[in-house]
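Enquirer: Before I ask anything, here is the structure I am working with.
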Amino acid sequence: MHPRVLEVTERLVARSHATRQAYLALIRGAASDGPMRGKLQCANFAHGVAGCGTDDKQSLRLMNAANVAIVSSYNDMLSAHQPYETYPQQIKQALREIGSVGQFAGGVPAMCDGVTQGEPGMELGIASREVIALSTAVALSHNMFDAAMMLGICDKIVPGLLMGALRFGHLPTIFVPGGPMVSGISNKEKADVRQRYAEGKASREELLESEMKSYHSPGTCTFYGTANTNQLLMEVMGLHLPGSSFVNPNTPLRDALTREAAHQITRLTKQSGSFMPLGEIVDERSLVNSIVALHATGGSTNHTLHMPAIAQAAGIQLTWQDMADLSEVVPTLSHVYPNGKADINHFQAAGGMAFLIRELLEAGLLHENVNTVAGHGLSRYTQEPFLQDGELVWRDGPIESLDETILRPVARAFSPEGGLRVMEGNLGRGVMKVSAVALEHQVVEAPAVVFEDQQDLADAFKAGLLEKDFVAVMRFQGPRSNGMPELHKMTPFLGVLQDRGFKVALVTDGRMSGASGKIPAAIHVCPEAHVGGALARVRDGDVIRVDGVNGTLRVLVDDAEFAARTPAVGSLGNNIGCGRELFGFMRMAFSSAEQGASAFTSALEHLE
């Protein structure tokens with residue numbers, strides 16, 4: 001093992017000892033009771049099976065049959081989740097084939113950042129993760145189940161499902177992906193049209209045509225944003241079947257993998273004799289593996305929020321510093337848009353997960369000695385699935401990349417490090433994803449232009465007020481202020497200005513996610529402006545230095561003068577409408593971005 005990976009893992013274990021042991025005691029105590037439905041009062045049990053058919057009722061009266069909870073984020077407004085419409089029936093039929101039962105335990109909400117981008121609904125994004133976790137807990141609360149299957153893909157949905165499921169970590173649990181849509185127009189072509197539209201060189205009709213050719217069918221969006229990062233991390237953590245993350249929807253192989261997932265989850269139950277609950281899979285080693293894979297692929301910066309929150313749900317105290325220290329030694333092995341021109345289908349064709357995991361294992365960058373839903377040991381994930389005469393089989397994955405412009409071995413990595421920086425200085429702490437930012441753009445020192453709304457920046461651009469070197473400070477965008485919406489509405493304008501030769505950067509207490517592109521952006525800055533963070537004292541014209549090479553974030557103002565300034569106060573009047581007023585209680589409870597922007601942090605610390 002690489003010494004840095006061991007070092008980070010060991011300190012994570014030491015830091016988390018008390019909370020992790022309390023968590024394990026909790027789930028092992030719950031697991032010791034065996035099938036919970038066997039201990040229910042007769043009326044309770046009768047309620048739980050009243051909606052089942054005769055055969056399923058009879059199976060559930062026998063304690064050797066597994067009852068599997070199905071929790072789904074299906075809706076047909078999200079392309080990624082539309083394929084889940086048919087999954088419950090597929091799963092139930094697959095379970096009946098082996099004498100077990102599946103019950104649809106509950107649905108969770110699933111909002112799309114792509115649809116709500118720049119709209120008021122985007123301010124519900126982080127809150128929706130917490131609601132999904134709560135909904136998952138409600139779905140699993142009936143004590144009827146021996147195992148669970150989670151159907152979810154996109155941005156906040158997978159983290160929310162996993163956070164909720166981990167509080168029922170005594171249940172064997174498998175995540176079932178739906179796969180990416182087939183490739184449409186290239187992501188570069190899509191981005192070019194967006195940028196031309198921002199400059200007034202493309203019509204709205206051209207923009208709409210481009211977008212619809214890009215987002216055109218069921219499945220995840222094909223760029224490497226948060227949704228596809230979720231899938232990659234779930235597989236590296238051993239929560240998917242090997243090689244199942246990026247198989248396209250509505251194909252025979254996809255259906256075979258869903259059927260096999262239903263069979264496999266029953267093999268992990270107490271009745272099977274090979275008991276492997278979720279809480280024993282998600283441990284310090286699997287979390288370190290997930291961060292290594294995140295860095296190796298230039299994955300979504302949203303996971304600097306999600307992974308600490310997920311870890312906390314498992315009794316583990318993961319920090320940004322842990323993530324940054326790993327980034328220093330993990331090479332970048334893939335270039336998928338926005339880090340390159342290829343999409344996730346090209347990544348899959350070039351060698352995909354099997355090649356990636358083999359390379360990282362052989363370099364000593366991943367823990368092999370981990371539990372997974374496919375058995376013990378991560379080397380099982382160097383295989384990929386195929387249909388052979390209609391039967392699902394796994395074969396060893398490729399030992400060479402089929403396209404080194406997309407996926408490379410460690411020996412010829414795109415970069416010797418992973419590209420995540422912890423940014424720190426007198427403006428606070430944040431993160432920057434530098435893997436998509438050219439080296440010559442990673443350091444910007446320029447006067448600040450302060451905004452508190454994305455539209456204000458767009459208006460300033462259109463008025464010609466931003467034709468200069470500057471650092472855009474977009475404040476009052478943190479979790480407690482307005483729920484921490486994504487801020488991609490600014491990206492085309494800042495990209496145009498950078499292309500025109502200006503030195504531009506972004507500093508914000510908001511987030512930019514996995515679609516963060518070529519602009520140096522110090523994001524998730526905390527303390528956020530709403531709670532008196534330093535961004536609230538920045539004024540137009542203050543010179544700010546954003547140094548993505550050395551990880552520093554400073555305003556070049558005399559310390560005494562800066563400290564004496566009265567902080568600006570953001571407007572909370574915009575937290576009304578589109579249901580935002582319903583989430584005021586949750587915004588008040590959110591932890592800092594570095595703690596996962598979670599409403600549950602203090603509650604979990606108290607419980608553990």
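Numbering starts fresh at 1 for the residues of each chain in the structure tokens, the chains themselves are lettered A, B, ... in the order given, and ligands are numbered from 1 as they appear.
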Which residues come within 7 Å of Ile344 of chain A, counting only C-alpha atoms, excluding same-chain residues fewer than 3 positions away, as a ChimeraX atom specification?

Expert: /A:222-224,336,347-348

Enquirer: Could the residues in this selection be saved with N, CA and C atoms as an mmCIF file, in the first residue's frame?

Expert:
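Below is the file out-v1.cif, written as the result:
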data_model
loop_
_atom_site.group_PDB
_atom_site.id
_atom_site.type_symbol
_atom_site.label_atom_id
_atom_site.label_comp_id
_atom_site.auth_asym_id
_atom_site.auth_seq_id
_atom_site.Cartn_x
_atom_site.Cartn_y
_atom_site.Cartn_z
ATOM 1 N N THR A 222 -24.349 12.372 -19.894
ATOM 2 C CA THR A 222 -23.121 11.639 -20.201
ATOM 3 C C THR A 222 -21.843 12.324 -19.731
ATOM 4 N N PHE A 223 -21.921 13.597 -19.291
ATOM 5 C CA PHE A 223 -20.695 14.222 -18.787
ATOM 6 C C PHE A 223 -20.382 13.670 -17.393
ATOM 7 N N TYR A 224 -19.156 13.942 -16.947
ATOM 8 C CA TYR A 224 -18.725 13.405 -15.654
ATOM 9 C C TYR A 224 -19.029 14.407 -14.556
ATOM 10 N N VAL A 336 -12.556 12.927 -18.697
ATOM 11 C CA VAL A 336 -13.931 12.900 -19.176
ATOM 12 C C VAL A 336 -14.509 14.286 -18.924
ATOM 13 N N PHE A 347 -15.461 6.557 -21.711
ATOM 14 C CA PHE A 347 -14.696 6.018 -20.579
ATOM 15 C C PHE A 347 -14.954 4.525 -20.428
ATOM 16 N N GLN A 348 -16.209 4.135 -20.497
ATOM 17 C CA GLN A 348 -16.568 2.725 -20.355
ATOM 18 C C GLN A 348 -15.937 1.894 -21.471
#

Enquirer: Which residues come within 7 Å of segment 475-483 of chain A, counting only C-alpha atoms, excluding same-chain residues fewer than 4 positions away, as a PyMOL selection string?

Expert: chain A and resi 123-124+126-127+451-452+508-510+528-530+535+570+575+587-588+590+597

Enquirer: Can you write out the residues you just picked, keeping N, CA and C atoms, as a CSV table (one decimal), in the first residue's frame?

Expert:
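Written file, selection.csv:
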chain,number,residue,atom,x,y,z
A,123,GLU,N,-32.4,26.0,-4.9
A,123,GLU,CA,-32.1,26.3,-3.5
A,123,GLU,C,-32.6,25.1,-2.6
A,124,LEU,N,-33.4,24.2,-3.1
A,124,LEU,CA,-33.8,23.0,-2.3
A,124,LEU,C,-32.8,21.9,-2.5
A,126,ILE,N,-29.5,20.8,-1.6
A,126,ILE,CA,-28.9,20.2,-0.4
A,126,ILE,C,-29.9,19.7,0.6
A,127,ALA,N,-31.0,20.5,0.7
A,127,ALA,CA,-32.1,20.1,1.6
A,127,ALA,C,-32.7,18.8,1.1
A,451,PHE,N,-20.8,40.2,-5.8
A,451,PHE,CA,-22.2,39.9,-6.2
A,451,PHE,C,-22.9,39.1,-5.1
A,452,GLU,N,-24.2,39.2,-5.1
A,452,GLU,CA,-25.0,38.3,-4.2
A,452,GLU,C,-26.0,37.6,-4.9
A,508,THR,N,-16.5,31.8,-3.8
A,508,THR,CA,-17.9,31.7,-3.3
A,508,THR,C,-18.1,30.8,-2.1
A,509,ASP,N,-19.1,31.1,-1.3
A,509,ASP,CA,-19.5,30.1,-0.3
A,509,ASP,C,-20.6,29.2,-0.8
A,510,GLY,N,-20.9,29.3,-2.1
A,510,GLY,CA,-21.8,28.4,-2.8
A,510,GLY,C,-21.0,27.2,-3.4
A,528,GLU,N,-19.3,30.6,6.0
A,528,GLU,CA,-20.1,31.3,5.0
A,528,GLU,C,-20.4,32.7,5.4
A,529,ALA,N,-20.7,33.6,4.4
A,529,ALA,CA,-21.0,35.0,4.7
A,529,ALA,C,-22.2,35.2,5.7
A,530,HIS,N,-23.1,34.3,5.6
A,530,HIS,CA,-24.4,34.4,6.3
A,530,HIS,C,-24.1,34.3,7.9
A,535,LEU,N,-16.0,36.6,3.8
A,535,LEU,CA,-16.6,37.1,2.5
A,535,LEU,C,-17.5,38.2,2.7
A,570,GLY,N,-26.8,39.7,4.2
A,570,GLY,CA,-27.5,39.2,3.0
A,570,GLY,C,-29.0,39.3,3.2
A,575,ASN,N,-36.0,33.8,0.2
A,575,ASN,CA,-36.3,32.4,0.7
A,575,ASN,C,-37.8,32.1,0.8
A,587,ARG,N,-32.4,24.9,7.0
A,587,ARG,CA,-31.3,25.8,6.8
A,587,ARG,C,-30.6,26.2,8.1
A,588,MET,N,-31.4,26.5,9.1
A,588,MET,CA,-30.9,26.9,10.4
A,588,MET,C,-30.0,25.8,11.0
A,590,PHE,N,-28.2,23.5,9.2
A,590,PHE,CA,-27.1,23.0,8.4
A,590,PHE,C,-25.7,23.3,9.0
A,597,ALA,N,-22.4,20.2,5.1
A,597,ALA,CA,-23.6,21.0,4.9
A,597,ALA,C,-24.8,20.1,5.2

Enquirer: Counting only C-alpha atoms, which residue out of A:Arg61, A:Arg412, A:Arg129, A:Arg11 sits closest to Ala599 of chain A?

Expert: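 Looking at the shortest contact to Ala599 of chain A, the residue is A:Arg129.
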
Enquirer: For Ile316 of chain A, list every protein, DNA or RNA residue within 10 Å, evaluated using only C-alpha atoms, and leave out those in the same chain fewer than 6 positions away; present the list as a list of chain:residue names.

Expert: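 Result of the neighbour search: A:Leu12, A:Val13, A:Ala14, A:Arg15, A:Ser16, A:His17, A:Ala18, A:Thr19, A:Arg20, A:Gln21, A:Tyr23, A:Val282, A:Asp283, A:Glu284, A:Leu287, A:Pro308, A:Ala309, A:Ile310.
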
Enquirer: Could you write out, as a short mmCIF file (atom, residue, chain, number, x, y, z; two decimals) with C-alpha atoms, in the first residue's frame, all the residues of segment 226-342 of chain A that DSSP marks as alpha helix (DSSP H)?

Expert:
data_model
loop_
_atom_site.label_atom_id
_atom_site.label_comp_id
_atom_site.auth_asym_id
_atom_site.auth_seq_id
_atom_site.Cartn_x
_atom_site.Cartn_y
_atom_site.Cartn_z
CA THR A 226 -22.12 14.42 -9.78
CA ALA A 227 -24.49 11.72 -11.06
CA ASN A 228 -21.82 9.67 -12.82
CA THR A 229 -19.35 10.35 -10.01
CA ASN A 230 -21.93 8.85 -7.64
CA GLN A 231 -22.04 5.69 -9.74
CA LEU A 232 -18.27 5.36 -9.92
CA LEU A 233 -17.90 5.81 -6.16
CA MET A 234 -20.65 3.33 -5.31
CA GLU A 235 -18.86 0.71 -7.39
CA VAL A 236 -15.43 1.42 -5.88
CA PRO A 252 -30.34 -7.04 -22.14
CA LEU A 253 -27.14 -6.70 -20.08
CA ARG A 254 -28.69 -3.96 -17.93
CA ASP A 255 -31.75 -6.12 -17.24
CA ALA A 256 -29.56 -9.14 -16.42
CA LEU A 257 -27.56 -7.10 -13.92
CA THR A 258 -30.72 -5.89 -12.19
CA ARG A 259 -31.99 -9.47 -11.92
CA GLU A 260 -28.62 -10.64 -10.54
CA ALA A 261 -28.58 -7.81 -8.00
CA ALA A 262 -31.88 -9.13 -6.63
CA HIS A 263 -30.46 -12.64 -6.36
CA GLN A 264 -27.18 -11.44 -4.85
CA ILE A 265 -28.77 -9.41 -2.07
CA THR A 266 -30.47 -12.56 -0.72
CA ARG A 267 -27.06 -14.27 -0.53
CA LEU A 278 -24.19 -2.36 4.76
CA GLY A 279 -22.52 -0.95 7.87
CA GLU A 280 -19.76 -3.56 7.68
CA ILE A 281 -19.04 -2.64 4.03
CA GLU A 284 -12.73 3.69 6.84
CA ARG A 285 -11.04 1.65 4.09
CA SER A 286 -13.95 1.83 1.66
CA LEU A 287 -14.29 5.56 2.26
CA VAL A 288 -10.59 6.09 1.52
CA ASN A 289 -11.07 4.00 -1.64
CA SER A 290 -13.90 6.28 -2.70
CA ILE A 291 -11.77 9.41 -2.25
CA VAL A 292 -8.87 7.87 -4.17
CA ALA A 293 -11.20 7.06 -7.08
CA LEU A 294 -12.71 10.55 -6.90
CA HIS A 295 -9.26 12.08 -7.34
CA ALA A 296 -8.09 9.62 -9.98
CA THR A 297 -11.00 10.56 -12.21
CA HIS A 303 -18.48 15.01 -2.98
CA THR A 304 -16.43 17.26 -0.72
CA LEU A 305 -19.88 17.85 0.82
CA HIS A 306 -21.40 14.41 0.39
CA MET A 307 -18.56 12.12 1.49
CA PRO A 308 -18.09 13.74 4.94
CA ALA A 309 -21.87 13.57 5.45
CA ILE A 310 -21.97 9.91 4.37
CA ALA A 311 -19.00 9.10 6.59
CA GLN A 312 -20.70 10.76 9.55
CA ALA A 313 -23.75 8.54 9.03
CA TRP A 320 -11.26 17.94 3.74
CA GLN A 321 -7.64 17.61 4.83
CA ASP A 322 -7.88 13.82 4.52
CA MET A 323 -9.20 14.30 1.00
CA ALA A 324 -6.55 16.85 0.04
CA ASP A 325 -3.71 14.74 1.44
CA LEU A 326 -4.83 11.83 -0.72
CA SER A 327 -5.11 14.12 -3.74
#

Enquirer: Contacts of Gly53 of chain A at 12 Å or less, counting only C-alpha atoms, minus same-chain residues fewer than 4 places along, as a ChimeraX atom specification?

Expert: /A:49,57-60,92,96,101-103

Enquirer: Restricted to C-alpha atoms, what would the selected residues look like written as a PDB file, in the first residue's frame?

Expert:
ATOM      1  CA  VAL A  49     -48.328  -8.256   4.278  1.00  0.00           C
ATOM      2  CA  LYS A  57     -47.837 -13.864   2.103  1.00  0.00           C
ATOM      3  CA  GLN A  58     -47.061 -17.524   2.591  1.00  0.00           C
ATOM      4  CA  SER A  59     -43.350 -16.975   1.886  1.00  0.00           C
ATOM      5  CA  LEU A  60     -43.173 -14.165   4.413  1.00  0.00           C
ATOM      6  CA  LYS A  92     -39.929  -8.858  -7.406  1.00  0.00           C
ATOM      7  CA  ARG A  96     -39.826 -14.986  -6.451  1.00  0.00           C
ATOM      8  CA  VAL A 101     -40.072 -11.570  -1.659  1.00  0.00           C
ATOM      9  CA  GLY A 102     -39.603  -7.947  -2.607  1.00  0.00           C
ATOM     10  CA  GLN A 103     -41.785  -5.204  -1.183  1.00  0.00           C
TER      11      GLN A 103
END

Enquirer: What lies within 7 Å of Met1 of chain A using only C-alpha atoms, ignoring chain neighbours under 5 positions off, as a list in words?

Expert: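 The neighbour list is Leu6, Gly364 and Leu365 of chain A.
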
Enquirer: I'd like to know which of A:Asn44, A:Asn550, A:Ser415, A:Ser401 is closest to Gln442 of chain A, using only C-alpha atoms.

Expert: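 Looking only at the distances to Gln442 of chain A, the closest residue turns out to be A:Asn550.
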